[in-house]
Structures are given as structure tokens and as C-alpha cells.
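Report on one structure; see the data block that follows.
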Amino acid sequence: LEIAMKYGYGSAEAFTRAFSRMWGMTPTAYRKEWRFTELCPKLDLPRYQTYEGEIVMTHRFDISELYDYISSKKGTYIISYDVSHLTPINENYGSEAGDKVILEALRRIDASCGEDMVMFRIGGDEFVMVTGLTDRAEVEVLAEKVLSQNGNTIEHNGTAIPVSLRAGAVLLNDKGAVRYHELFAKLVAASNTEPGVLIFRD
């Protein structure tokens, strides 16, 4: 109930139904099996404002907890992952297939996370892993656990769909404050590479 209220749902049951539709399991089962971070942007209460004479409901997102965590990891590497060719998959097989591809990408990244690592989503098909690692060779080994699965398929309505990811590593500057909007732009750009190849963007 606390989680449902925190993220703007009207009841625990509504949250559980929405969660189960997305993940194929209940929140309780997910908590036992996955390491995907709890550091998700908190949905504030709706706010109302006037736009061109119309009353519009808007939301704000609180990223302070996530920002504080990232700031505590200065001097270490973050790996940014992006699903390759998601648009053609959505166009050719439908958004349900695209959702399955995204979940498979998330599963691969989550499975490679160490116990002390955090992972979160920054876009529709972009994910970030805060590694806490300072050694480039260790970061390469970690990314390879995910990238080595490129080309492996998922099944959707009798069709095998290959899933591949791109990855880039960003070193969190250990001097000065972490500016979230600058870091976000770096993370989005970092994974704009060829599939299967980890690029360092220090």
C-alpha cells in the first residue's frame, strides 16, 4: 500500500494489477527475483495549471534520492545500455513485442548487476547501471556479460525476435558537483554506438 500511494495509485490492488501486467509477476515475486532499483522517480500529487485557457493536470517527479546516490559514486563508472532496432521491432511485430524486447534487455542487465550495484531506466529502452567500479577492465568484463547475449532471441506469437544492446561507459567526474541534466545527456549519448561494442566516454 505504501508503494502504491508513493507512486500515485489509488489502491494496492490497482498497483498490483498494473505491475503484474507489465512484469508478468506480482510485486512480491519481483522483489524476490530481481535487483532492479527502487530508486525510481517519485510521482508527486497532481498539480493543476491553466494552459491556453484550459485547465491542465500535470505531474512533477522527485529525483533527489537518485541524484544523491549518483553523487555518492563520483570517480566510478556508469554503463548506459540501449536496445538496438526497437523501432523496427515495434513497427513489424507490434508494441507488445517491443515491450517483451525491453523486458528481456532489462533481465539481461539485471542479471549482470552485482549486489552493490544499482540499475535504473532513463528512457523507453535505455537503462543505466551504476557500477561503483574504477577499473576500466572490470567495467569491460561487466558489460560483456550483457553484450555477449546479443542476437539471442525471444519468442513472440511464434516468431523468434533477436535482441541486441549497445553500451557506453561514462566516468563520473570526481571534481565538483554532479549536474543531473549534463549527466543525463552524457548517458543518452554514451550508448549511441554499434551493438556489442562497449565505448568509454570519459
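The way I read the labels, and the way they are meant: chains A, B, ... in the order of the C-alpha cells, residue 1 as the first residue of every chain, and ligand 1 as the first ligand shown, with later ones counted on from there.
Surrounding stretch 128-134 of chain A within 6 Å are Thr76, Tyr77, Ile78, Ile79, Ser80, Met117, Val118, Met119 and Phe120 of chain A, with only C-alpha atoms counted and residues fewer than 4 positions along the same chain left out.
Counting only C-alpha atoms and comparing A:Ile70, A:Val141, A:Leu86, A:Ala190, the residue that lies closest to A:Leu172 is A:Ile70.
Our summary of the geometry notes that atom CA of A:Gly24 is positioned 21.0 Å from atom CA of A:Cys113.
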Residue among A:Val146, A:Ala185, A:Ala137, A:Ala97 lying closest to A:Asp110, counting only C-alpha atoms: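 Looking at the shortest contact to A:Asp110, the residue is A:Val146.
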